[in-house]
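Visitor: I am attaching a structure below and will ask some questions about it afterwards.
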Amino acid sequence: MSDALPIGREGGRGRVRGKWPLGVAFCLPLIVGLLSLTIYPVVMSFYYSLTDYPIFDPPKWVGLGNYVELSRDPRFWLSLWNTGCYALFAVPLGMVIGLLLALLLNMKIRGMAFYRTLFFLPTIVPMVASAVIWNQILSPQHGLLNEMLRYVGMPEAWVPGWLSDENWSKPALVLMSLWGAGGGMVMYLAALQDVPQDLYDSASLDGANAWHRLLHITLPMISPILMFTFVMGLIGAMQYFSQAFIMTGGGPWDSTLFYSLNLFNTAFSEYRLGYASAMAWILFAIVLGLTWVVMKLSNRMVYYHS
Amino acid sequence: MHLKSWQTWVATLVLTALSVLFTLPFIWMLSTSLKVPETIQSAYMDLVPRAPVIDVDGREMRVRPMMEKNGEQEVQVYDEKGELGETLRVTPGQIRQRLWLHTANYSEGIRAFPFVAYLMNTLMICVLCVVGTVLSCSLVAYGLTWVTWRGREPLFWVMLSTMMLPAQVTMIPLFLTFKHLGWINTILPLVVPSFLGNAFFIFLLRQFYRSIPRDLVEAARIDGCSELRIWAQLMVPLSRPALAVVALFTFIGAWNDFLGPLIYLMDERKYTLSIGLAMYQNQYSAEWGQMMAMSLLMTVPIILLFFFTQKTFIQGVKLSGIKG
């Protein structure tokens, strides 16, 4: 231990071998962080999920009681359903729009950098600020969107109530999420620029039209990044929280009671920490399961070159 | 791809249409932030901020339309300070809609919000998070790349595997820990974790450190440099572009963070812009103009930052995708 820090001299070979105290010293922030911010909380969270823990009393062991109760809890199932609906539309639609933008920008059009900046900007707008903007755009009476619908002649009975109508609240949030499609666009654009030009040239010589080139060259070549954004999008959508918390609070009629919102309310409004921990573990299991399924599928569907 | 000219035209047309759609929320935010409350409630799709005015003794005065009876309209006149004054009866024809930039939304919003105090709180958290993250992540990345030791690979894999963990799993125990430490209602739970590394940024920096030529590090070691000096005088200067990505993303993450302040900050005076704006929206939901003005003030710094660091930014987004 005496020659531990901070010497790295090893004569001519210049290698630091077996200097574990030195490695530990450099990685100390990470080690402390993993232990205190991840591993300890994960273990405790699992323990809490097996207890009844109203914040002001000590946890009381209930075994799998919370999980059994969850399986019979209609609000749990409802929040899972709402989240699934949201993810099922928001993620693929966001990808399609991001890909469309990227394909258009990849056509070597004048002002490409300008358009790229423009489409990317919404993704860095603070979430709370965009919630304020969209609250006003989606406002049923004088919101921009409904005024536009009326302007193009939509009958008043058809004009949606968006966030105040339980059938339209989820589509409204999906629509709002599409404003951020530019994040995926930047990644797709980078991937598109890596597709070798000679692939397109030889395909054109063989008589492939634009549609065939897209389907048989472009999409397979960028499928790894498509798969990556799909998985990350799903994981993100499963944890969808802040927009719903700010804009709807879960309403109307619990139509935007998403999984993480339900979890947050259970923990920090009802102070049922054990029950909320069980919900967190089910979320973790769902995220792992989804990732596993997508990875399995991707072995068949994704083309990894090199 | 080689394109025919009509294809370029169609693509440009579609892009222009889409860019109008994507820009519209920004324009709407700007225009609403400059509208008087009466107009927000009634002006149909008008992007130009206007206000009703009448002529009084040859001067244009802004008015608030009130009751209408017997073909006459009652209006209340605003004085120079924007306070409601005397009530007048006019014919509807006398009221005109005129371009009116209602900057009072900004001045009143800044006072009521209170914007400056929240800005200071936010900046404090952002700066501490950036310092902590850059420092800890670059140190750890060095230890995981250039120091050969036995626990290195296992530690790296444990770190990577935690990236899949949803924040909801650790949220409750962390809240309880910080509560026991007496850190609730302080900024400590929001900044201290950033001094303890971040898996994604460490991964990103490690990729970058690996691309630095081995000979450089070896030469420094032969010259008798300590590892700490190699990190400080070789690795940090060489990895400045990657560190810029880490700093930028950390800053924006802290600026935009909502869940953290929501859980840990109770005292209104300690609020950040993000939580402050959300609470403000709940309290003053009718003050659309002021809320838009505050949203705009919260967004503009981030957009300016983006324009000044655009290259770093796009690079960072690409890097975050390449890891997949």
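We label chains A, B, ... in the order they appear in the structure tokens, count residues from 1 in each chain, and number ligands from 1 in the order shown.
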What are the residues of chain B that have an atom within 6 Å of an atom of chain A, counting only C-alpha atoms, as an NGL selection string?

Guide: :B and (45 or 139-140 or 143 or 147-149 or 168-170 or 173 or 196-197 or 218 or 221 or 226-227 or 256 or 274 or 295 or 299 or 318 or 324)

Visitor: Do you know which residues are at most 7 Å from range 300-303 of chain A counting only C-alpha atoms, after dropping those on the same chain fewer than 4 positions away, and could you put them as a PyMOL selection string?

Guide: chain A and resi 220-221+223-224

Visitor: Which residues come within 7 Å of Thr272 in chain B, counting only C-alpha atoms, excluding same-chain residues fewer than 2 positions away, as a PyMOL selection string?

Guide: chain B and resi 118-119+121-122+270+274-276

Visitor: For N, CA, C and O atoms, I'd like the residues from the last selection saved as a PDB file, in the first residue's frame.

Guide:
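Written file, selection34.pdb:
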ATOM      1  N   TYR B 118     -35.658  32.716  -9.058  1.00  0.00           N
ATOM      2  CA  TYR B 118     -35.676  31.346  -9.571  1.00  0.00           C
ATOM      3  C   TYR B 118     -34.517  31.100 -10.525  1.00  0.00           C
ATOM      4  O   TYR B 118     -33.944  30.019 -10.572  1.00  0.00           O
ATOM      5  N   LEU B 119     -34.183  32.137 -11.295  1.00  0.00           N
ATOM      6  CA  LEU B 119     -33.055  32.006 -12.222  1.00  0.00           C
ATOM      7  C   LEU B 119     -31.768  31.747 -11.452  1.00  0.00           C
ATOM      8  O   LEU B 119     -30.974  30.865 -11.809  1.00  0.00           O
ATOM      9  N   ASN B 121     -31.444  30.455  -8.411  1.00  0.00           N
ATOM     10  CA  ASN B 121     -31.484  29.095  -7.865  1.00  0.00           C
ATOM     11  C   ASN B 121     -31.115  28.070  -8.932  1.00  0.00           C
ATOM     12  O   ASN B 121     -30.354  27.131  -8.686  1.00  0.00           O
ATOM     13  N   THR B 122     -31.688  28.261 -10.132  1.00  0.00           N
ATOM     14  CA  THR B 122     -31.447  27.302 -11.213  1.00  0.00           C
ATOM     15  C   THR B 122     -29.989  27.319 -11.631  1.00  0.00           C
ATOM     16  O   THR B 122     -29.364  26.261 -11.785  1.00  0.00           O
ATOM     17  N   LYS B 270     -36.987  28.458  -2.792  1.00  0.00           N
ATOM     18  CA  LYS B 270     -35.868  27.666  -3.308  1.00  0.00           C
ATOM     19  C   LYS B 270     -36.159  27.075  -4.676  1.00  0.00           C
ATOM     20  O   LYS B 270     -35.315  26.375  -5.244  1.00  0.00           O
ATOM     21  N   SER B 274     -38.050  25.678 -13.550  1.00  0.00           N
ATOM     22  CA  SER B 274     -38.909  24.601 -14.004  1.00  0.00           C
ATOM     23  C   SER B 274     -40.086  24.367 -13.049  1.00  0.00           C
ATOM     24  O   SER B 274     -41.253  24.443 -13.452  1.00  0.00           O
ATOM     25  N   ILE B 275     -39.777  24.112 -11.801  1.00  0.00           N
ATOM     26  CA  ILE B 275     -40.851  23.835 -10.837  1.00  0.00           C
ATOM     27  C   ILE B 275     -41.654  25.105 -10.567  1.00  0.00           C
ATOM     28  O   ILE B 275     -42.881  25.060 -10.402  1.00  0.00           O
ATOM     29  N   GLY B 276     -40.970  26.244 -10.575  1.00  0.00           N
ATOM     30  CA  GLY B 276     -41.656  27.514 -10.348  1.00  0.00           C
ATOM     31  C   GLY B 276     -42.711  27.761 -11.411  1.00  0.00           C
ATOM     32  O   GLY B 276     -43.854  28.126 -11.114  1.00  0.00           O
TER      33      GLY B 276
END

Visitor: Using only C-alpha atoms, which protein or nucleic acid residues come within 8 Å of Tyr240 in chain A? Drop anything in the same chain fewer than 5 positions from it, and give the result as a compact mmCIF listing (two decimals) with C-alpha atoms, in the first residue's frame.

Guide:
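File result.txt, as written:
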# COMPACT_ATOMS: atom_id res chain seq x y z
CA THR A 83 -49.10 4.02 -20.78
CA PHE A 258 -49.90 7.01 -16.69
CA TYR A 259 -47.91 4.38 -14.87
CA SER A 260 -45.23 6.67 -13.45
CA LEU A 261 -47.79 9.29 -12.47

Visitor: Between CA of Leu88 in chain B and CA of Glu38 in chain B, what is the distance in Å, rounded to a tenth?

Guide: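 So the answer is 17.4 Å.
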